[in-house]
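Enquirer: Contents of entry39.csv (CSV, N, CA and C atoms):
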```
chain,number,residue,atom,x,y,z
A,1,MET,N,-21.1,-20.2,21.9
A,1,MET,CA,-20.6,-19.8,20.6
A,1,MET,C,-19.0,-19.9,20.7
A,2,LYS,N,-18.5,-20.5,19.7
A,2,LYS,CA,-17.0,-20.6,19.6
A,2,LYS,C,-16.4,-19.3,19.1
A,3,LYS,N,-15.3,-18.9,19.7
A,3,LYS,CA,-14.6,-17.6,19.3
A,3,LYS,C,-13.2,-17.9,18.8
A,4,LEU,N,-13.0,-17.4,17.6
A,4,LEU,CA,-11.7,-17.6,17.0
A,4,LEU,C,-11.0,-16.2,17.0
A,5,THR,N,-9.6,-16.3,17.2
A,5,THR,CA,-8.8,-15.0,17.2
A,5,THR,C,-7.6,-15.3,16.4
A,6,GLU,N,-6.7,-14.3,16.4
A,6,GLU,CA,-5.4,-14.4,15.7
A,6,GLU,C,-4.6,-15.6,16.2
A,7,ILE,N,-4.7,-15.8,17.5
A,7,ILE,CA,-3.9,-16.9,18.1
A,7,ILE,C,-4.7,-18.2,18.1
A,8,PHE,N,-6.0,-18.2,18.4
A,8,PHE,CA,-6.8,-19.4,18.4
A,8,PHE,C,-7.6,-19.4,17.1
A,9,ASN,N,-7.0,-19.9,16.0
A,9,ASN,CA,-7.6,-19.8,14.7
A,9,ASN,C,-8.2,-21.1,14.2
A,10,LYS,N,-8.4,-22.1,15.0
A,10,LYS,CA,-9.1,-23.3,14.6
A,10,LYS,C,-10.2,-23.7,15.6
A,11,ALA,N,-11.3,-24.2,15.1
A,11,ALA,CA,-12.4,-24.6,16.0
A,11,ALA,C,-13.2,-25.7,15.4
A,12,THR,N,-14.0,-26.4,16.2
A,12,THR,CA,-14.9,-27.4,15.8
A,12,THR,C,-16.3,-26.9,16.2
A,13,VAL,N,-17.3,-26.9,15.3
A,13,VAL,CA,-18.6,-26.5,15.6
A,13,VAL,C,-19.6,-27.5,15.0
A,14,ALA,N,-20.8,-27.4,15.4
A,14,ALA,CA,-21.9,-28.2,14.9
A,14,ALA,C,-22.5,-27.5,13.7
A,15,LYS,N,-23.1,-28.3,12.7
A,15,LYS,CA,-23.8,-27.7,11.6
A,15,LYS,C,-24.9,-26.9,12.1
A,16,GLY,N,-25.0,-25.6,11.6
A,16,GLY,CA,-26.0,-24.7,12.0
A,16,GLY,C,-25.6,-23.8,13.2
A,17,GLU,N,-24.4,-24.1,13.8
A,17,GLU,CA,-23.9,-23.3,14.9
A,17,GLU,C,-23.3,-22.0,14.4
A,18,THR,N,-23.5,-21.0,15.2
A,18,THR,CA,-22.8,-19.7,15.0
A,18,THR,C,-21.5,-19.6,15.6
A,19,PHE,N,-20.5,-19.0,14.9
A,19,PHE,CA,-19.2,-18.8,15.5
A,19,PHE,C,-18.7,-17.4,15.2
A,20,GLU,N,-17.8,-17.0,16.0
A,20,GLU,CA,-17.3,-15.6,16.0
A,20,GLU,C,-15.8,-15.6,15.7
A,21,ILE,N,-15.4,-14.6,14.8
A,21,ILE,CA,-14.0,-14.3,14.6
A,21,ILE,C,-13.8,-12.9,15.2
A,22,ALA,N,-12.9,-12.7,16.2
A,22,ALA,CA,-12.7,-11.5,16.9
A,22,ALA,C,-11.3,-11.0,16.6
A,23,LEU,N,-11.2,-9.8,16.0
A,23,LEU,CA,-10.0,-9.2,15.6
A,23,LEU,C,-10.0,-7.7,15.9
A,24,SER,N,-8.8,-7.1,16.1
A,24,SER,CA,-8.7,-5.7,16.3
A,24,SER,C,-8.4,-5.0,15.0
A,25,ASP,N,-9.0,-3.8,14.9
A,25,ASP,CA,-8.6,-3.0,13.7
A,25,ASP,C,-8.8,-1.5,14.1
A,26,ASN,N,-8.2,-0.7,13.2
A,26,ASN,CA,-8.2,0.8,13.4
A,26,ASN,C,-9.0,1.5,12.3
A,27,ARG,N,-10.1,0.8,11.9
A,27,ARG,CA,-10.9,1.3,10.7
A,27,ARG,C,-11.3,2.8,10.9
A,28,SER,N,-11.7,3.2,12.1
A,28,SER,CA,-12.1,4.5,12.3
A,28,SER,C,-11.1,5.6,12.2
A,29,SER,N,-9.8,5.2,12.5
A,29,SER,CA,-8.7,6.3,12.4
A,29,SER,C,-7.8,6.1,11.2
A,30,SER,N,-7.4,4.9,10.9
A,30,SER,CA,-6.4,4.6,9.9
A,30,SER,C,-7.0,4.1,8.6
A,31,GLY,N,-8.3,3.7,8.7
A,31,GLY,CA,-8.9,3.1,7.5
A,31,GLY,C,-8.7,1.6,7.3
A,32,PHE,N,-7.8,1.0,8.1
A,32,PHE,CA,-7.5,-0.4,7.9
A,32,PHE,C,-8.6,-1.2,8.6
A,33,GLY,N,-9.3,-2.1,7.8
A,33,GLY,CA,-10.3,-2.9,8.3
A,33,GLY,C,-10.2,-4.3,7.7
A,34,TRP,N,-10.8,-5.3,8.3
A,34,TRP,CA,-10.8,-6.7,7.9
A,34,TRP,C,-11.8,-7.0,6.8
A,35,GLU,N,-11.3,-7.7,5.7
A,35,GLU,CA,-12.1,-8.1,4.6
A,35,GLU,C,-12.0,-9.7,4.6
A,36,PHE,N,-13.2,-10.3,4.6
A,36,PHE,CA,-13.2,-11.8,4.7
A,36,PHE,C,-13.6,-12.5,3.4
A,37,ALA,N,-13.1,-13.7,3.2
A,37,ALA,CA,-13.4,-14.5,2.0
A,37,ALA,C,-13.5,-15.9,2.5
A,38,VAL,N,-14.7,-16.6,2.2
A,38,VAL,CA,-14.8,-18.0,2.5
A,38,VAL,C,-14.1,-18.8,1.4
A,39,VAL,N,-12.9,-19.3,1.7
A,39,VAL,CA,-12.1,-20.0,0.7
A,39,VAL,C,-12.7,-21.4,0.3
A,40,SER,N,-13.1,-22.1,1.4
A,40,SER,CA,-13.7,-23.4,1.1
A,40,SER,C,-14.8,-23.7,2.2
A,41,GLY,N,-15.7,-24.6,1.9
A,41,GLY,CA,-16.8,-24.9,2.8
A,41,GLY,C,-17.9,-23.9,2.6
A,42,LYS,N,-18.9,-24.0,3.5
A,42,LYS,CA,-20.0,-23.1,3.4
A,42,LYS,C,-20.3,-22.5,4.8
A,43,ALA,N,-20.1,-21.2,4.8
A,43,ALA,CA,-20.4,-20.4,6.0
A,43,ALA,C,-21.1,-19.1,5.6
A,44,ARG,N,-22.1,-18.7,6.3
A,44,ARG,CA,-22.8,-17.5,6.0
A,44,ARG,C,-22.4,-16.4,7.0
A,45,PHE,N,-22.1,-15.2,6.4
A,45,PHE,CA,-21.7,-14.1,7.2
A,45,PHE,C,-23.0,-13.5,7.8
A,46,LEU,N,-23.1,-13.3,9.1
A,46,LEU,CA,-24.3,-12.8,9.7
A,46,LEU,C,-24.2,-11.3,10.1
A,47,GLY,N,-23.0,-10.8,10.3
A,47,GLY,CA,-22.9,-9.4,10.6
A,47,GLY,C,-21.6,-9.2,11.5
A,48,GLU,N,-21.4,-7.9,11.9
A,48,GLU,CA,-20.3,-7.6,12.7
A,48,GLU,C,-20.7,-6.6,13.8
A,49,VAL,N,-19.9,-6.6,14.9
A,49,VAL,CA,-20.2,-5.6,16.0
A,49,VAL,C,-18.8,-5.1,16.3
A,50,SER,N,-18.8,-3.8,16.5
A,50,SER,CA,-17.5,-3.1,17.0
A,50,SER,C,-17.6,-2.9,18.5
A,51,VAL,N,-16.6,-3.3,19.2
A,51,VAL,CA,-16.5,-3.1,20.6
A,51,VAL,C,-15.4,-2.1,20.9
A,52,PRO,N,-15.7,-0.9,21.4
A,52,PRO,CA,-14.7,0.1,21.7
A,52,PRO,C,-13.8,-0.3,22.8
A,53,PRO,N,-12.6,0.2,22.9
A,53,PRO,CA,-11.7,-0.1,24.0
A,53,PRO,C,-12.3,0.4,25.3
A,54,PRO,N,-12.0,-0.2,26.4
A,54,PRO,CA,-12.5,0.3,27.7
A,54,PRO,C,-11.9,1.7,28.0
A,55,PRO,N,-12.7,2.6,28.7
A,55,PRO,CA,-12.2,4.0,28.9
A,55,PRO,C,-10.9,4.0,29.7
A,56,VAL,N,-10.7,3.0,30.6
A,56,VAL,CA,-9.4,3.0,31.3
A,56,VAL,C,-9.0,1.5,31.4
A,57,LEU,N,-7.7,1.3,31.0
A,57,LEU,CA,-7.2,-0.1,31.0
A,57,LEU,C,-5.8,0.0,31.7
A,58,ASN,N,-5.6,-0.8,32.7
A,58,ASN,CA,-4.4,-0.9,33.5
A,58,ASN,C,-4.0,0.5,34.0
A,59,GLY,N,-5.0,1.3,34.4
A,59,GLY,CA,-4.8,2.6,34.9
A,59,GLY,C,-4.5,3.7,33.9
A,60,HIS,N,-4.6,3.4,32.6
A,60,HIS,CA,-4.3,4.4,31.6
A,60,HIS,C,-5.6,4.7,30.8
A,61,PRO,N,-6.0,5.9,30.6
A,61,PRO,CA,-7.2,6.2,29.7
A,61,PRO,C,-6.8,5.8,28.3
A,62,HIS,N,-7.8,5.4,27.5
A,62,HIS,CA,-7.6,5.0,26.1
A,62,HIS,C,-7.5,6.3,25.3
A,63,SER,N,-6.7,6.3,24.2
A,63,SER,CA,-6.5,7.4,23.3
A,63,SER,C,-7.4,7.4,22.1
A,64,ALA,N,-7.7,8.6,21.6
A,64,ALA,CA,-8.5,8.6,20.4
A,64,ALA,C,-7.8,7.9,19.3
A,65,GLY,N,-8.5,7.2,18.4
A,65,GLY,CA,-7.9,6.5,17.3
A,65,GLY,C,-7.3,5.1,17.7
A,66,GLU,N,-7.5,4.7,19.0
A,66,GLU,CA,-7.0,3.4,19.4
A,66,GLU,C,-7.8,2.3,18.8
A,67,ALA,N,-7.2,1.2,18.6
A,67,ALA,CA,-7.8,0.0,18.0
A,67,ALA,C,-9.0,-0.4,18.8
A,68,SER,N,-10.1,-0.8,18.0
A,68,SER,CA,-11.2,-1.4,18.7
A,68,SER,C,-11.3,-2.9,18.3
A,69,LEU,N,-12.1,-3.7,19.0
A,69,LEU,CA,-12.3,-5.1,18.7
A,69,LEU,C,-13.5,-5.2,17.8
A,70,ARG,N,-13.3,-5.9,16.7
A,70,ARG,CA,-14.5,-6.2,15.8
A,70,ARG,C,-14.8,-7.7,16.0
A,71,ARG,N,-16.1,-7.9,16.1
A,71,ARG,CA,-16.6,-9.3,16.2
A,71,ARG,C,-17.4,-9.6,15.0
A,72,PHE,N,-16.9,-10.6,14.2
A,72,PHE,CA,-17.6,-11.0,12.9
A,72,PHE,C,-18.3,-12.3,13.2
A,73,LEU,N,-19.6,-12.4,12.9
A,73,LEU,CA,-20.3,-13.6,13.2
A,73,LEU,C,-20.6,-14.3,11.9
A,74,PHE,N,-20.5,-15.6,12.0
A,74,PHE,CA,-20.7,-16.5,10.8
A,74,PHE,C,-21.6,-17.7,11.3
A,75,LYS,N,-22.3,-18.4,10.4
A,75,LYS,CA,-23.0,-19.6,10.7
A,75,LYS,C,-22.5,-20.7,9.8
A,76,ALA,N,-22.2,-21.8,10.4
A,76,ALA,CA,-21.7,-23.0,9.7
A,76,ALA,C,-22.9,-23.7,9.0
A,77,GLU,N,-22.9,-23.7,7.7
A,77,GLU,CA,-24.1,-24.1,6.9
A,77,GLU,C,-24.1,-25.6,6.5
A,78,GLU,N,-22.9,-26.2,6.4
A,78,GLU,CA,-22.8,-27.6,6.0
A,78,GLU,C,-21.7,-28.3,6.8
A,79,THR,N,-21.7,-29.7,6.9
A,79,THR,CA,-20.7,-30.4,7.6
A,79,THR,C,-19.4,-30.4,6.7
A,80,GLY,N,-18.3,-30.6,7.3
A,80,GLY,CA,-17.0,-30.6,6.5
A,80,GLY,C,-16.1,-29.6,7.1
A,81,GLU,N,-15.2,-29.1,6.2
A,81,GLU,CA,-14.2,-28.1,6.6
A,81,GLU,C,-14.5,-26.7,6.0
A,82,ILE,N,-14.3,-25.7,6.8
A,82,ILE,CA,-14.5,-24.3,6.3
A,82,ILE,C,-13.1,-23.6,6.5
A,83,GLU,N,-12.7,-22.9,5.5
A,83,GLU,CA,-11.5,-22.1,5.6
A,83,GLU,C,-11.9,-20.7,5.2
A,84,ILE,N,-11.6,-19.8,6.1
A,84,ILE,CA,-11.9,-18.4,5.9
A,84,ILE,C,-10.6,-17.6,6.0
A,85,LYS,N,-10.4,-16.7,5.0
A,85,LYS,CA,-9.3,-15.8,5.0
A,85,LYS,C,-9.7,-14.4,5.3
A,86,ALA,N,-8.9,-13.8,6.1
A,86,ALA,CA,-9.2,-12.4,6.5
A,86,ALA,C,-7.9,-11.5,6.1
A,87,ASP,N,-8.2,-10.4,5.4
A,87,ASP,CA,-7.1,-9.5,5.1
A,87,ASP,C,-7.3,-8.2,5.7
A,88,LEU,N,-6.3,-7.6,6.3
A,88,LEU,CA,-6.4,-6.3,6.9
A,88,LEU,C,-5.9,-5.3,5.9
A,89,LYS,N,-6.8,-4.5,5.4
A,89,LYS,CA,-6.4,-3.6,4.3
A,89,LYS,C,-7.4,-2.4,4.3
A,90,ARG,N,-7.0,-1.4,3.5
A,90,ARG,CA,-7.8,-0.3,3.2
A,90,ARG,C,-8.6,-0.6,1.9
A,91,SER,N,-9.9,-0.5,2.0
A,91,SER,CA,-10.7,-1.0,0.9
A,91,SER,C,-10.5,-0.2,-0.4
A,92,TRP,N,-10.0,1.0,-0.3
A,92,TRP,CA,-9.9,1.8,-1.5
A,92,TRP,C,-8.5,1.7,-2.1
A,93,GLU,N,-7.6,1.0,-1.5
A,93,GLU,CA,-6.2,0.8,-2.0
A,93,GLU,C,-6.0,-0.5,-2.7
A,94,ARG,N,-5.1,-0.6,-3.6
A,94,ARG,CA,-4.9,-1.9,-4.3
A,94,ARG,C,-3.6,-2.5,-3.8
A,95,ASN,N,-3.0,-2.0,-2.7
A,95,ASN,CA,-1.8,-2.5,-2.1
A,95,ASN,C,-2.1,-3.9,-1.5
A,96,PRO,N,-1.1,-4.7,-1.3
A,96,PRO,CA,-1.3,-6.0,-0.6
A,96,PRO,C,-1.7,-5.7,0.8
A,97,PRO,N,-2.4,-6.7,1.4
A,97,PRO,CA,-2.9,-6.5,2.8
A,97,PRO,C,-1.7,-6.2,3.7
A,98,LEU,N,-2.0,-5.5,4.8
A,98,LEU,CA,-1.1,-5.2,5.8
A,98,LEU,C,-0.8,-6.5,6.6
A,99,LYS,N,-1.9,-7.3,6.7
A,99,LYS,CA,-1.8,-8.6,7.5
A,99,LYS,C,-2.8,-9.5,6.9
A,100,SER,N,-2.6,-10.8,6.9
A,100,SER,CA,-3.5,-11.8,6.5
A,100,SER,C,-3.6,-12.9,7.6
A,101,GLN,N,-4.8,-13.4,7.8
A,101,GLN,CA,-5.0,-14.5,8.8
A,101,GLN,C,-6.0,-15.5,8.2
A,102,THR,N,-5.7,-16.8,8.4
A,102,THR,CA,-6.5,-17.9,8.0
A,102,THR,C,-7.2,-18.6,9.2
A,103,PHE,N,-8.5,-18.9,9.0
A,103,PHE,CA,-9.2,-19.6,10.1
A,103,PHE,C,-9.7,-20.9,9.5
A,104,LYS,N,-9.6,-22.0,10.3
A,104,LYS,CA,-10.1,-23.3,9.9
A,104,LYS,C,-11.1,-23.8,10.9
A,105,ILE,N,-12.3,-24.1,10.4
A,105,ILE,CA,-13.4,-24.6,11.2
A,105,ILE,C,-13.8,-25.9,10.7
A,106,THR,N,-13.9,-26.9,11.6
A,106,THR,CA,-14.4,-28.2,11.3
A,106,THR,C,-15.9,-28.2,11.7
A,107,VAL,N,-16.8,-28.6,10.8
A,107,VAL,CA,-18.2,-28.7,11.1
A,107,VAL,C,-18.6,-30.1,11.1
A,108,LYS,N,-19.2,-30.5,12.3
A,108,LYS,CA,-19.7,-31.9,12.4
A,108,LYS,C,-21.2,-32.0,12.4
```
Please lay out the structure from this file as structure tokens.
Expert:
Amino acid sequence: MKKLTEIFNKATVAKGETFEIALSDNRSSSGFGWEFAVVSGKARFLGEVSVPPPPVLNGHPHSAGEASLRRFLFKAEETGEIEIKADLKRSWERNPPLKSQTFKITVK
């Protein structure tokens, strides 16, 4: 399965293949979470998994409220180009996103 991140935001997959977008968020403590929109192409959202930080990293215990990794799974439904936009925001606020990220997937 191809994995996209903030740094690696482009990938090529086969039609019908599942791909993952992995991003950090603080939804549980600050309320900021990622919201996705498929801007072009056809991708189906399959679900998400939250991965908590390890209990100890580089000799330091993790703190309450620390960011966790969220893995968002999608399936490429048709050949062509898919563009997915992710906005980091609080769902109840009308403010502009704290951060936006665009992902480009080529489906062969």
Enquirer: Excluding Ala22 of chain A and residues on its chain fewer than 4 positions from it, collect all residues at most 5 Å away from it, counting all atoms listed in the file, and give them as a list of chain:residue names.
Expert: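 Result of the neighbour search: A:Leu4, A:Thr5, A:Arg70, A:Arg71, A:Phe72.
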Enquirer: Could you work out how far atom C of Lys42 of chain A lies from atom N of Lys104 of chain A, giving the answer in Å with one decimal?
Expert: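 Between atom N of Lys104 of chain A and atom C of Lys42 of chain A the gap works out to 12.0 Å.
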Enquirer: Taking all atoms listed in the file into account, name the residue in A:Glu77, A:Gly31, A:Ser50, A:Glu6 that is nearest to Arg90 of chain A.
Expert: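 So, comparing all the options, the nearest one is A:Gly31.
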Enquirer: Distance cut-off 8 Å, centre (-16.1, -29.5, 12.0) in file coordinates, counting all atoms listed in the file: which residues qualify? Return them as a PyMOL selection string.
Expert: chain A and resi 11-15+78-82+104-108
Enquirer: A:Gln101, A:Met1, A:Asp87, A:Leu46: which is nearest Gly33 of chain A, counting only C-alpha atoms?
Expert: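 Looking at the shortest contact to Gly33 of chain A, the residue is A:Asp87.
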Enquirer: Using all atoms listed in the file for the distances, tell me which of A:Lys3, A:Lys10, A:Glu20, A:Leu73 is nearest to Thr102 of chain A.
Expert: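 Using all atoms listed in the file, Thr102 of chain A sits closest to A:Lys10.
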Enquirer: Please, what distance in Å, to one decimal, runs between atom CA of Ser91 of chain A and atom CA of Ser40 of chain A?
Expert: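 These two atoms are separated by 22.6 Å.
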Enquirer: Do you have the atom C of Ala76 of chain A-atom C of Phe45 of chain A distance handy?
Expert: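 So the two atoms, atom C of Ala76 of chain A and atom C of Phe45 of chain A, lie 10.3 Å apart.
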Enquirer: Just checking: using all atoms listed in the file, which residue out of A:Leu69, A:Phe74, A:Pro97, A:Lys85 ends up closest to Leu23 of chain A?
Expert: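 Nearest to Leu23 of chain A: A:Leu69.
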Enquirer: Which residues are close to Ala86 of chain A, i.e. within 7 Å by all atoms listed in the file, leaving aside same-chain residues fewer than 6 positions away? Reply as a list of chain:residue names.
Expert: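 Listed by chain and then number, they are A:Trp34, A:Glu35, A:Phe36, A:Ala37, A:Lys99, A:Ser100, A:Gln101, A:Thr102, A:Phe103.
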Enquirer: Please determine, counting only C-alpha atoms, which residue among A:Asn9, A:Val51, A:Lys75, A:Leu98 has the shortest atom-to-atom distance to Ser30 of chain A.
Expert: A:Leu98
Enquirer: Out of A:Ser24, A:Asn95, A:Ile7, A:Ile84, which residue has the shortest atom-to-atom distance to Val39 of chain A when counting only N, CA and C atoms?
Expert: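 Closest residue, counting only N, CA and C atoms: A:Ile84.
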